[in-house]
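Notes follow once the structure below has been shown.
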2 protein chains.
Amino acid sequence: MTWLAIPQDSPFGVHNLPYGVFTAPDQPGRRRIGVRIGEFVLDAGAAARAVGTPSVLLDADSLNPLMAAGRPTWTAVRAALTEWLTDEAHRPAVAPHLVELAAVELHLPFEVADYVDFYASEHHASNLGRIFRPGSEPLTPNWKHLPIGYHGRAGTVVVSGTPVVRPHGQRKAPADPLPSFGPSRRLDIEAEIGFVVGTPTGLGTRVGLDGFREHVFGVLLLNDWSARDIQAWEYVPLGPFLGKSFATSVSPWVVPLDALEHARVVPPARDVEPLPYLDDRDGEPWGLDIAMEVSLNGQPVSRPPFATMYWTAAQQLAHMTVNGASLRTGDLYASGTVSGPEVETRGALIELTWNGENPVKLADGTTRTFLENDDEVTITATAPGPDGTRIGFGEVTGRIVP
Amino acid sequence: MTWLAIPQDSPFGVHNLPYGVFTAPDQPGRRRIGVRIGEFVLDAGAAARAVGTPSVLLDADSLNPLMAAGRPTWTAVRAALTEWLTDEAHRPAVAPHLVELAAVELHLPFEVADYVDFYASEHHASNLGRIFRPGSEPLTPNWKHLPIGYHGRAGTVVVSGTPVVRPHGQRKAPADPLPSFGPSRRLDIEAEIGFVVGTPTGLGTRVGLDGFREHVFGVLLLNDWSARDIQAWEYVPLGPFLGKSFATSVSPWVVPLDALEHARVVPPARDVEPLPYLDDRDGEPWGLDIAMEVSLNGQPVSRPPFATMYWTAAQQLAHMTVNGASLRTGDLYASGTVSGPEVETRGALIELTWNGENPVKLADGTTRTFLENDDEVTITATAPGPDGTRIGFGEVTGRIVP
């Protein structure tokens, strides 16, 4: 379809076209918007100028202006990019603005406004309930009535590849008489999918379930690093704080929502009647069949299935705004840890190892309960595209440093 | 001291000089940095140009560039402003750039990066523990070991005077079989003091107790509006979300930390040994003797004493960064509800009315448990200045609309 020589089955074919921000060696200080195609990055602003349609939205150093422009503009820009990369007539103008992916540095693709983290996997929430509150109901009474969420630290959202410094803090096991201070001994991951808001809203307005497509620009991978010992001691009664705020890593490519049209699936049956503002049974289904894989030091340890999530991203957006809270361009909200029903589909080490009782065995003969220094965690994912293709998300990776 | 005709006992004398952002009728679309003196606002950028020292930090549409410039610049700018307003020689150049306060519109004075809310009053936390968890210890086991905090929604921080739309959401009293959806019936206030971060830090670094002065630019009043019914149903296990995220109001004037030198007091004795990173017994004390007043429809209903807070803002900053979380210019963190030991010093209606059992009587013969539509809440405060003067914070006010 594209005139570019890329494999037929590339997860970065012309049906994907995710957006990122890169610098290249020729101008190392200049951040530019890039669109990934195969193992290349199209310098979008330069290509637009070359074909004679310069765009201030593409000639920017972050995705925020494009994201703020709204759905009709996103559709038009995506159509233009597709034409440039598929119409042979554009090849002479466009081809000089393809840069090899291996030669560029990728940056945080947008300025994060507010960051919210949800808790939408029934398997994950049930596992954590069993681990933390043995003997009581695994799910809290509110869990099936509303998508539980909380605000995280937008300022420590970092791009894939950023080293993660092991956080220090107060740790206290139930048997300890007093808390002690030091590096976290129970450093964990949470494999999640993140949703990026483009179109803003004013204070006092709501976005209904049918507003999801209008407001959400795209989707990425997210690792919500979690220090379980710090979190366990601090989180009652106001929720996680320092156990999470030291770093949240995201993949550098924002997959346009339009690229996920073939990934849409009906979410799992809900066994509690949703209130009308959350009732998606008569509307567009926004379950997404994203197949995730978590690797530890290069070895796959889990394959979380996003299609199993109880609450969809459309329901989360409706809930987040039902009290009149406004949206800003760059708001990022994450699904919560993605865990399926089987052990090998759990998206956090605390579940995979059942609170450290069943260590994960690695190929080098070592085992892990939680992360050690120099451990590297990588999350990748793909989703169905048209005509049997796959849509790639790339990866979010991070290495623990002392 | 100043050549300006303002009352000797003005809380906005030359020892205060808080910063804000205003528009005036002559150029209604142009936001400018203003410095309050008496009942006037000095157009700081214009004054700097008039005295021959133009400044890009003062010729800005928000305080962020000045805040980012760091402590030595803050000191120099404050010295210059003081000189302009006290030295008769500057009067001809400076006086034309004084605008009457009554003629200007005041705006959110800085772009909020991350917003964190603490929970630092022992009286408030104990009262809420008694109300919400009767029969168990009022304070959770971690309370005296660390300043409990959580992230709030930066995008819904609004300036004083912005109407507050009563939020809708899920409400469920313990006796209700199911949650219902509708407007909050238990809309409350939280009278707080907010601290504004100027100097940023990098990821993986900490700010110790002695870094407070270097990183905190100034102080303001904050009303953390709270929908108690929404909050009570949603907050277990990940903390408050929609019960708070609909609006947080701040006063338009940021009082420089330097103006509060005479307000510094030793905080209350702590009955639990603090870990070293929180131990302020050998350093500068950062208790602040700020006298607050809460009025409902013009009638004072509470006088919260900030000096009674268990955790200081310096300890909160040290805690917030001890895990390596970075700071950005514009980070805002709030003290948590300020409540003293006596009933009439409690900073939230839920405490003042003891969960609605003892309604507050108003002068018009009506009573209040929680806020009704058209109710207006105003928080004001002053602190000791030099030579028997007072430092004014102005006010943060908001009216409830349906």
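The way I read the labels, and the way they are meant: chains A, B, ... in the order of the structure tokens, residue 1 as the first residue of every chain, and ligand 1 as the first ligand shown, with later ones counted on from there.
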Check every residue of chain A for an atom within 6 Å of chain B, counting only C-alpha atoms, and provide those that qualify as a list in words. Tyr150, His151, Gly152, Pro167, His168, Gly169, Leu238, Gly239, Phe241, Phe246, Asn323, Gly324 and Ala325 of chain A
Take the residues from that selection and write them out as an mmCIF file, in the first residue's frame, keeping all heavy atoms.
```cif
data_model
loop_
_atom_site.group_PDB
_atom_site.id
_atom_site.type_symbol
_atom_site.label_atom_id
_atom_site.label_comp_id
_atom_site.auth_asym_id
_atom_site.auth_seq_id
_atom_site.Cartn_x
_atom_site.Cartn_y
_atom_site.Cartn_z
ATOM 1 N N TYR A 150 -7.653 7.723 40.863
ATOM 2 C CA TYR A 150 -7.043 8.744 41.712
ATOM 3 C C TYR A 150 -6.055 9.516 40.848
ATOM 4 O O TYR A 150 -5.598 9.034 39.809
ATOM 5 C CB TYR A 150 -6.335 8.101 42.918
ATOM 6 C CG TYR A 150 -5.152 7.249 42.519
ATOM 7 C CD1 TYR A 150 -3.851 7.720 42.614
ATOM 8 C CD2 TYR A 150 -5.347 5.979 41.972
ATOM 9 C CE1 TYR A 150 -2.772 6.956 42.193
ATOM 10 C CE2 TYR A 150 -4.285 5.218 41.549
ATOM 11 C CZ TYR A 150 -3.006 5.704 41.664
ATOM 12 O OH TYR A 150 -1.937 4.952 41.224
ATOM 13 N N HIS A 151 -5.718 10.706 41.289
ATOM 14 C CA HIS A 151 -4.741 11.512 40.561
ATOM 15 C C HIS A 151 -3.319 11.108 40.931
ATOM 16 O O HIS A 151 -3.022 10.867 42.105
ATOM 17 C CB HIS A 151 -4.943 12.999 40.851
ATOM 18 C CG HIS A 151 -6.140 13.580 40.177
ATOM 19 N ND1 HIS A 151 -7.399 13.574 40.745
ATOM 20 C CD2 HIS A 151 -6.278 14.154 38.959
ATOM 21 C CE1 HIS A 151 -8.256 14.128 39.906
ATOM 22 N NE2 HIS A 151 -7.612 14.493 38.811
ATOM 23 N N GLY A 152 -2.463 11.059 39.919
ATOM 24 C CA GLY A 152 -1.041 10.811 40.135
ATOM 25 C C GLY A 152 -0.233 12.051 39.804
ATOM 26 O O GLY A 152 -0.790 13.134 39.567
ATOM 27 N N PRO A 167 13.226 4.331 44.604
ATOM 28 C CA PRO A 167 12.839 5.354 45.568
ATOM 29 C C PRO A 167 13.178 4.966 47.009
ATOM 30 O O PRO A 167 13.137 3.790 47.363
ATOM 31 C CB PRO A 167 11.324 5.448 45.393
ATOM 32 C CG PRO A 167 10.927 4.085 44.938
ATOM 33 C CD PRO A 167 12.060 3.581 44.075
ATOM 34 N N HIS A 168 13.498 5.963 47.809
ATOM 35 C CA HIS A 168 13.604 5.792 49.254
ATOM 36 C C HIS A 168 12.275 6.211 49.898
ATOM 37 O O HIS A 168 11.522 6.989 49.325
ATOM 38 C CB HIS A 168 14.711 6.666 49.821
ATOM 39 C CG HIS A 168 16.080 6.108 49.608
ATOM 40 N ND1 HIS A 168 16.577 5.803 48.360
ATOM 41 C CD2 HIS A 168 17.071 5.788 50.490
ATOM 42 C CE1 HIS A 168 17.817 5.334 48.478
ATOM 43 N NE2 HIS A 168 18.138 5.315 49.756
ATOM 44 N N GLY A 169 12.061 5.717 51.081
ATOM 45 C CA GLY A 169 10.858 6.128 51.786
ATOM 46 C C GLY A 169 10.658 5.343 53.059
ATOM 47 O O GLY A 169 11.529 4.548 53.467
ATOM 48 N N LEU A 238 -5.825 8.186 52.438
ATOM 49 C CA LEU A 238 -6.009 9.074 51.279
ATOM 50 C C LEU A 238 -5.420 8.556 49.977
ATOM 51 O O LEU A 238 -5.364 9.282 48.990
ATOM 52 C CB LEU A 238 -5.498 10.488 51.605
ATOM 53 C CG LEU A 238 -6.232 11.171 52.762
ATOM 54 C CD1 LEU A 238 -5.735 12.601 52.949
ATOM 55 C CD2 LEU A 238 -7.746 11.182 52.539
ATOM 56 N N GLY A 239 -4.976 7.297 49.959
ATOM 57 C CA GLY A 239 -4.541 6.705 48.698
ATOM 58 C C GLY A 239 -3.046 6.741 48.481
ATOM 59 O O GLY A 239 -2.285 7.269 49.299
ATOM 60 N N PHE A 241 0.685 7.689 47.235
ATOM 61 C CA PHE A 241 1.325 8.992 47.057
ATOM 62 C C PHE A 241 2.786 8.735 46.655
ATOM 63 O O PHE A 241 3.085 8.563 45.475
ATOM 64 C CB PHE A 241 1.185 9.800 48.350
ATOM 65 C CG PHE A 241 1.687 11.207 48.318
ATOM 66 C CD1 PHE A 241 1.552 11.986 47.182
ATOM 67 C CD2 PHE A 241 2.287 11.782 49.437
ATOM 68 C CE1 PHE A 241 2.017 13.295 47.157
ATOM 69 C CE2 PHE A 241 2.751 13.092 49.422
ATOM 70 C CZ PHE A 241 2.620 13.845 48.281
ATOM 71 N N PHE A 246 7.289 8.630 42.108
ATOM 72 C CA PHE A 246 8.703 8.787 41.713
ATOM 73 C C PHE A 246 8.902 8.643 40.214
ATOM 74 O O PHE A 246 9.828 9.238 39.660
ATOM 75 C CB PHE A 246 9.584 7.803 42.489
ATOM 76 C CG PHE A 246 9.183 6.366 42.340
ATOM 77 C CD1 PHE A 246 9.792 5.574 41.390
ATOM 78 C CD2 PHE A 246 8.178 5.819 43.133
ATOM 79 C CE1 PHE A 246 9.412 4.247 41.243
ATOM 80 C CE2 PHE A 246 7.797 4.501 42.996
ATOM 81 C CZ PHE A 246 8.413 3.715 42.037
ATOM 82 N N ASN A 323 -18.640 14.924 37.515
ATOM 83 C CA ASN A 323 -18.769 15.947 38.567
ATOM 84 C C ASN A 323 -18.483 17.351 38.050
ATOM 85 O O ASN A 323 -18.404 18.299 38.831
ATOM 86 C CB ASN A 323 -17.824 15.621 39.742
ATOM 87 C CG ASN A 323 -16.352 15.770 39.374
ATOM 88 O OD1 ASN A 323 -16.008 15.820 38.198
ATOM 89 N ND2 ASN A 323 -15.497 15.823 40.376
ATOM 90 N N GLY A 324 -18.310 17.485 36.734
ATOM 91 C CA GLY A 324 -18.055 18.801 36.165
ATOM 92 C C GLY A 324 -16.589 19.159 36.049
ATOM 93 O O GLY A 324 -16.254 20.268 35.601
ATOM 94 N N ALA A 325 -15.690 18.240 36.419
ATOM 95 C CA ALA A 325 -14.255 18.511 36.271
ATOM 96 C C ALA A 325 -13.931 18.719 34.800
ATOM 97 O O ALA A 325 -14.380 17.952 33.942
ATOM 98 C CB ALA A 325 -13.429 17.360 36.843
#
```
Neighbour list for Gly340 of chain B as a short mmCIF file (atom, residue, chain, number, x, y, z; two decimals) with N, CA, C and O atoms, in the first residue's frame, cut-off 10 Å, only C-alpha atoms, skip fewer than 5 positions in-chain:
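File around_11.cif, as written:
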```
data_model
loop_
_atom_site.label_atom_id
_atom_site.label_comp_id
_atom_site.auth_asym_id
_atom_site.auth_seq_id
_atom_site.Cartn_x
_atom_site.Cartn_y
_atom_site.Cartn_z
N SER B 121 -3.43 18.74 59.99
CA SER B 121 -3.94 19.18 61.29
C SER B 121 -4.35 17.98 62.11
O SER B 121 -5.22 17.20 61.71
N GLU B 122 -3.74 17.83 63.28
CA GLU B 122 -4.09 16.70 64.14
C GLU B 122 -5.56 16.79 64.57
O GLU B 122 -6.27 15.78 64.66
N HIS B 123 -6.03 18.02 64.83
CA HIS B 123 -7.42 18.18 65.26
C HIS B 123 -8.39 17.76 64.15
O HIS B 123 -9.36 17.05 64.38
N HIS B 124 -8.09 18.20 62.92
CA HIS B 124 -8.95 17.84 61.78
C HIS B 124 -8.94 16.33 61.55
O HIS B 124 -10.00 15.71 61.41
N SER B 302 -15.88 30.52 61.70
CA SER B 302 -14.72 29.81 62.26
C SER B 302 -13.47 30.66 62.14
O SER B 302 -13.35 31.48 61.22
N ARG B 303 -12.54 30.45 63.08
CA ARG B 303 -11.24 31.14 63.05
C ARG B 303 -10.11 30.13 63.21
O ARG B 303 -9.56 29.98 64.30
N PRO B 304 -9.75 29.43 62.13
CA PRO B 304 -8.73 28.38 62.23
C PRO B 304 -7.32 28.97 62.44
O PRO B 304 -6.91 29.88 61.72
N PRO B 305 -6.60 28.45 63.42
CA PRO B 305 -5.24 28.94 63.72
C PRO B 305 -4.18 28.05 63.07
O PRO B 305 -3.95 26.92 63.49
N PHE B 306 -3.51 28.58 62.05
CA PHE B 306 -2.55 27.77 61.30
C PHE B 306 -1.37 27.32 62.16
O PHE B 306 -0.74 26.30 61.88
N ALA B 307 -1.06 28.09 63.21
CA ALA B 307 0.08 27.74 64.07
C ALA B 307 -0.10 26.40 64.78
O ALA B 307 0.87 25.84 65.30
N THR B 308 -1.32 25.88 64.81
CA THR B 308 -1.55 24.59 65.50
C THR B 308 -1.25 23.38 64.62
O THR B 308 -1.39 22.24 65.08
N MET B 309 -0.86 23.58 63.35
CA MET B 309 -0.65 22.44 62.46
C MET B 309 0.50 21.55 62.93
O MET B 309 1.58 22.04 63.26
N THR B 345 -12.95 26.87 65.90
CA THR B 345 -11.72 27.03 65.11
C THR B 345 -11.58 25.93 64.05
O THR B 345 -10.51 25.74 63.49
N ARG B 346 -12.66 25.21 63.79
CA ARG B 346 -12.59 24.10 62.84
C ARG B 346 -12.81 24.61 61.41
O ARG B 346 -13.71 25.40 61.16
N GLY B 347 -12.01 24.08 60.48
CA GLY B 347 -11.97 24.61 59.12
C GLY B 347 -12.84 23.91 58.11
O GLY B 347 -12.69 24.15 56.91
#
```
Got a sec to tell me which of segment 10-254 of chain B DSSP assigns to strand (DSSP E or B), as a ChimeraX atom specification? /B:19-24,27-37,40-43,98-100,105-107,115-118,149-152,157-159,164-165,168-171,180-183,187-188,191-197,216-223,226-227,248-250,254
Residues flagged helix (DSSP H, G or I) by DSSP in segment 147-272 of chain B, as an mmCIF file with all heavy atoms, in the first residue's frame:
```
data_model
loop_
_atom_site.group_PDB
_atom_site.id
_atom_site.type_symbol
_atom_site.label_atom_id
_atom_site.label_comp_id
_atom_site.auth_asym_id
_atom_site.auth_seq_id
_atom_site.Cartn_x
_atom_site.Cartn_y
_atom_site.Cartn_z
ATOM 1 N N ALA B 154 -4.906 19.460 39.159
ATOM 2 C CA ALA B 154 -4.331 20.784 38.925
ATOM 3 C C ALA B 154 -5.203 21.603 37.968
ATOM 4 O O ALA B 154 -5.287 22.827 38.089
ATOM 5 C CB ALA B 154 -2.915 20.647 38.360
ATOM 6 N N GLY B 155 -5.870 20.922 37.040
ATOM 7 C CA GLY B 155 -6.638 21.629 36.009
ATOM 8 C C GLY B 155 -7.896 22.297 36.515
ATOM 9 O O GLY B 155 -8.512 23.096 35.794
ATOM 10 N N THR B 156 -8.320 21.991 37.721
ATOM 11 C CA THR B 156 -9.527 22.616 38.264
ATOM 12 C C THR B 156 -9.212 23.511 39.461
ATOM 13 O O THR B 156 -10.095 23.804 40.267
ATOM 14 C CB THR B 156 -10.592 21.558 38.635
ATOM 15 O OG1 THR B 156 -10.002 20.588 39.503
ATOM 16 C CG2 THR B 156 -11.128 20.853 37.401
ATOM 17 N N LEU B 209 14.851 19.571 54.581
ATOM 18 C CA LEU B 209 14.142 20.604 55.350
ATOM 19 C C LEU B 209 14.754 21.985 55.130
ATOM 20 O O LEU B 209 14.041 22.994 55.111
ATOM 21 C CB LEU B 209 14.197 20.259 56.848
ATOM 22 C CG LEU B 209 13.318 19.083 57.280
ATOM 23 C CD1 LEU B 209 13.674 18.671 58.696
ATOM 24 C CD2 LEU B 209 11.841 19.455 57.179
ATOM 25 N N ASP B 210 16.079 22.023 54.933
ATOM 26 C CA ASP B 210 16.734 23.325 54.756
ATOM 27 C C ASP B 210 16.597 23.863 53.331
ATOM 28 O O ASP B 210 17.115 24.928 53.030
ATOM 29 C CB ASP B 210 18.213 23.245 55.185
ATOM 30 C CG ASP B 210 18.960 22.163 54.415
ATOM 31 O OD1 ASP B 210 18.338 21.485 53.567
ATOM 32 O OD2 ASP B 210 20.169 21.996 54.663
ATOM 33 N N GLY B 211 15.927 23.121 52.458
ATOM 34 C CA GLY B 211 15.714 23.602 51.091
ATOM 35 C C GLY B 211 14.399 24.333 50.898
ATOM 36 O O GLY B 211 14.101 24.818 49.801
ATOM 37 N N PHE B 212 13.608 24.429 51.967
ATOM 38 C CA PHE B 212 12.272 25.025 51.870
ATOM 39 C C PHE B 212 12.337 26.448 51.310
ATOM 40 O O PHE B 212 11.627 26.827 50.385
ATOM 41 C CB PHE B 212 11.629 25.017 53.255
ATOM 42 C CG PHE B 212 10.262 25.616 53.310
ATOM 43 C CD1 PHE B 212 9.188 25.016 52.671
ATOM 44 C CD2 PHE B 212 10.036 26.783 54.026
ATOM 45 C CE1 PHE B 212 7.907 25.564 52.738
ATOM 46 C CE2 PHE B 212 8.763 27.345 54.098
ATOM 47 C CZ PHE B 212 7.702 26.727 53.447
ATOM 48 N N ARG B 213 13.242 27.253 51.886
ATOM 49 C CA ARG B 213 13.360 28.654 51.512
ATOM 50 C C ARG B 213 13.820 28.815 50.052
ATOM 51 O O ARG B 213 13.461 29.791 49.391
ATOM 52 C CB ARG B 213 14.408 29.282 52.439
ATOM 53 C CG ARG B 213 14.162 30.669 52.861
ATOM 54 C CD ARG B 213 15.352 31.110 53.711
ATOM 55 N NE ARG B 213 15.113 30.998 55.135
ATOM 56 C CZ ARG B 213 14.460 31.921 55.843
ATOM 57 N NH1 ARG B 213 13.969 32.980 55.262
ATOM 58 N NH2 ARG B 213 14.287 31.756 57.137
ATOM 59 N N GLU B 214 14.624 27.885 49.590
ATOM 60 C CA GLU B 214 15.151 27.981 48.233
ATOM 61 C C GLU B 214 14.074 27.644 47.202
ATOM 62 O O GLU B 214 14.088 28.175 46.094
ATOM 63 C CB GLU B 214 16.338 27.013 48.084
ATOM 64 C CG GLU B 214 17.010 27.066 46.716
ATOM 65 C CD GLU B 214 18.073 25.982 46.567
ATOM 66 O OE1 GLU B 214 18.583 25.480 47.590
ATOM 67 O OE2 GLU B 214 18.376 25.634 45.411
ATOM 68 N N HIS B 215 13.146 26.753 47.572
ATOM 69 C CA HIS B 215 12.219 26.244 46.558
ATOM 70 C C HIS B 215 10.824 26.849 46.618
ATOM 71 O O HIS B 215 10.109 26.839 45.618
ATOM 72 C CB HIS B 215 12.140 24.716 46.650
ATOM 73 C CG HIS B 215 13.397 24.062 46.181
ATOM 74 N ND1 HIS B 215 13.660 23.829 44.857
ATOM 75 C CD2 HIS B 215 14.507 23.655 46.855
ATOM 76 C CE1 HIS B 215 14.859 23.291 44.726
ATOM 77 N NE2 HIS B 215 15.391 23.170 45.928
ATOM 78 N N ARG B 228 -18.852 15.598 50.465
ATOM 79 C CA ARG B 228 -18.613 14.519 51.437
ATOM 80 C C ARG B 228 -19.320 13.227 51.078
ATOM 81 O O ARG B 228 -18.808 12.131 51.383
ATOM 82 C CB ARG B 228 -19.065 14.964 52.837
ATOM 83 C CG ARG B 228 -18.362 16.193 53.357
ATOM 84 C CD ARG B 228 -16.883 15.987 53.550
ATOM 85 N NE ARG B 228 -16.248 17.199 54.059
ATOM 86 C CZ ARG B 228 -14.923 17.390 54.051
ATOM 87 N NH1 ARG B 228 -14.107 16.466 53.574
ATOM 88 N NH2 ARG B 228 -14.414 18.502 54.510
ATOM 89 N N ASP B 229 -20.526 13.326 50.472
ATOM 90 C CA ASP B 229 -21.243 12.092 50.138
ATOM 91 C C ASP B 229 -20.543 11.343 48.994
ATOM 92 O O ASP B 229 -20.396 10.120 49.044
ATOM 93 C CB ASP B 229 -22.721 12.360 49.819
ATOM 94 C CG ASP B 229 -22.951 13.627 49.006
ATOM 95 O OD1 ASP B 229 -21.966 14.287 48.603
ATOM 96 O OD2 ASP B 229 -24.130 13.959 48.758
ATOM 97 N N ILE B 230 -20.080 12.086 47.989
ATOM 98 C CA ILE B 230 -19.353 11.456 46.879
ATOM 99 C C ILE B 230 -18.039 10.861 47.395
ATOM 100 O O ILE B 230 -17.686 9.718 47.107
ATOM 101 C CB ILE B 230 -19.093 12.490 45.760
ATOM 102 C CG1 ILE B 230 -20.432 12.973 45.169
ATOM 103 C CG2 ILE B 230 -18.192 11.913 44.682
ATOM 104 C CD1 ILE B 230 -20.304 14.125 44.185
ATOM 105 N N GLN B 231 -17.340 11.652 48.207
ATOM 106 C CA GLN B 231 -16.053 11.224 48.756
ATOM 107 C C GLN B 231 -16.173 9.950 49.607
ATOM 108 O O GLN B 231 -15.365 9.026 49.482
ATOM 109 C CB GLN B 231 -15.476 12.372 49.596
ATOM 110 C CG GLN B 231 -14.103 12.119 50.201
ATOM 111 C CD GLN B 231 -13.656 13.256 51.126
ATOM 112 O OE1 GLN B 231 -14.297 14.305 51.198
ATOM 113 N NE2 GLN B 231 -12.551 13.048 51.814
ATOM 114 N N ALA B 232 -17.194 9.915 50.451
ATOM 115 C CA ALA B 232 -17.323 8.789 51.384
ATOM 116 C C ALA B 232 -17.521 7.460 50.647
ATOM 117 O O ALA B 232 -17.037 6.413 51.083
ATOM 118 C CB ALA B 232 -18.487 9.030 52.339
ATOM 119 N N TRP B 233 -18.213 7.516 49.510
ATOM 120 C CA TRP B 233 -18.513 6.288 48.756
ATOM 121 C C TRP B 233 -17.337 5.861 47.883
ATOM 122 O O TRP B 233 -17.105 4.677 47.673
ATOM 123 C CB TRP B 233 -19.779 6.526 47.935
ATOM 124 C CG TRP B 233 -20.171 5.500 46.912
ATOM 125 C CD1 TRP B 233 -20.470 5.736 45.599
ATOM 126 C CD2 TRP B 233 -20.381 4.087 47.084
ATOM 127 N NE1 TRP B 233 -20.819 4.582 44.957
ATOM 128 C CE2 TRP B 233 -20.772 3.545 45.840
ATOM 129 C CE3 TRP B 233 -20.249 3.230 48.172
ATOM 130 C CZ2 TRP B 233 -21.044 2.188 45.645
ATOM 131 C CZ3 TRP B 233 -20.522 1.860 47.975
ATOM 132 C CH2 TRP B 233 -20.911 1.367 46.731
ATOM 133 N N GLU B 234 -16.576 6.818 47.375
ATOM 134 C CA GLU B 234 -15.552 6.485 46.377
ATOM 135 C C GLU B 234 -14.165 6.222 46.964
ATOM 136 O O GLU B 234 -13.325 5.622 46.301
ATOM 137 C CB GLU B 234 -15.414 7.626 45.364
ATOM 138 C CG GLU B 234 -14.665 8.835 45.944
ATOM 139 C CD GLU B 234 -14.473 9.982 44.971
ATOM 140 O OE1 GLU B 234 -14.845 9.872 43.791
ATOM 141 O OE2 GLU B 234 -13.961 11.029 45.433
ATOM 142 N N LEU B 257 7.312 34.413 50.555
ATOM 143 C CA LEU B 257 7.755 33.776 51.797
ATOM 144 C C LEU B 257 8.507 34.786 52.666
ATOM 145 O O LEU B 257 8.391 34.760 53.898
ATOM 146 C CB LEU B 257 8.649 32.580 51.457
ATOM 147 C CG LEU B 257 8.826 31.546 52.558
ATOM 148 C CD1 LEU B 257 7.503 30.899 52.918
ATOM 149 C CD2 LEU B 257 9.838 30.487 52.149
ATOM 150 N N ASP B 258 9.257 35.687 52.023
ATOM 151 C CA ASP B 258 10.020 36.702 52.761
ATOM 152 C C ASP B 258 9.123 37.597 53.619
ATOM 153 O O ASP B 258 9.596 38.157 54.621
ATOM 154 C CB ASP B 258 10.795 37.596 51.787
ATOM 155 C CG ASP B 258 12.045 36.915 51.261
ATOM 156 O OD1 ASP B 258 12.477 35.923 51.874
ATOM 157 O OD2 ASP B 258 12.578 37.374 50.232
ATOM 158 N N ALA B 259 7.872 37.771 53.218
ATOM 159 C CA ALA B 259 6.968 38.640 53.981
ATOM 160 C C ALA B 259 6.491 37.971 55.266
ATOM 161 O O ALA B 259 5.863 38.614 56.112
ATOM 162 C CB ALA B 259 5.765 39.039 53.119
ATOM 163 N N LEU B 260 6.792 36.674 55.408
ATOM 164 C CA LEU B 260 6.279 35.922 56.563
ATOM 165 C C LEU B 260 7.364 35.645 57.601
ATOM 166 O O LEU B 260 7.183 34.809 58.490
ATOM 167 C CB LEU B 260 5.629 34.616 56.091
ATOM 168 C CG LEU B 260 4.406 34.837 55.186
ATOM 169 C CD1 LEU B 260 3.903 33.512 54.625
ATOM 170 C CD2 LEU B 260 3.289 35.543 55.965
ATOM 171 N N GLU B 261 8.464 36.348 57.489
ATOM 172 C CA GLU B 261 9.587 36.109 58.411
ATOM 173 C C GLU B 261 9.159 36.294 59.871
ATOM 174 O O GLU B 261 9.593 35.549 60.754
ATOM 175 C CB GLU B 261 10.725 37.064 58.043
ATOM 176 C CG GLU B 261 12.096 36.596 58.418
ATOM 177 C CD GLU B 261 12.424 35.187 57.929
ATOM 178 O OE1 GLU B 261 12.195 34.868 56.733
ATOM 179 O OE2 GLU B 261 12.895 34.399 58.764
ATOM 180 N N HIS B 262 8.286 37.277 60.136
ATOM 181 C CA HIS B 262 7.841 37.535 61.511
ATOM 182 C C HIS B 262 6.692 36.632 61.945
ATOM 183 O O HIS B 262 6.233 36.717 63.081
ATOM 184 C CB HIS B 262 7.443 39.002 61.683
ATOM 185 C CG HIS B 262 8.610 39.927 61.579
ATOM 186 N ND1 HIS B 262 9.150 40.299 60.362
ATOM 187 C CD2 HIS B 262 9.380 40.521 62.518
ATOM 188 C CE1 HIS B 262 10.172 41.098 60.573
ATOM 189 N NE2 HIS B 262 10.347 41.258 61.862
ATOM 190 N N ALA B 263 6.214 35.826 61.022
ATOM 191 C CA ALA B 263 5.108 34.903 61.353
ATOM 192 C C ALA B 263 5.632 33.528 61.760
ATOM 193 O O ALA B 263 4.858 32.676 62.202
ATOM 194 C CB ALA B 263 4.177 34.767 60.154
#
```
Restricting the calculation to only C-alpha atoms: of A:Leu317, A:Ala89, A:Ala291, A:Val396, which residue gets closest to Leu222 of chain A? A:Val396
List the spatial neighbours of segment 278-288 of chain B as a PyMOL selection string - criterion: any atom at most 7 Å away, only C-alpha atoms, same-chain residues fewer than 5 positions off excluded. chain B and resi 263-267+306-307+312-315+318
Residues within 7 Å of Phe22 of chain B, please, as a PyMOL selection string. Count only C-alpha atoms; anything in the same chain fewer than 5 positions from it doesn't count. chain B and resi 31-34+104-107
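Note that atom CA of Asn297 of chain B and atom CA of Thr382 of chain B are 20.1 Å apart.
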Find the residues around segment 78-85 of chain A up to 7 Å (only C-alpha atoms counted), leave out those fewer than 5 positions away in its own chain, and share them as a VMD selection string. chain A and resid 2 to 3 14 90 94
In Å, with one decimal, what is the gap from atom CA of Thr397 of chain A to atom CA of Glu376 of chain A? 7.0 Å
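Between atom CA of Trp74 of chain A and atom CA of Gly161 of chain A lies a distance of 27.8 Å.
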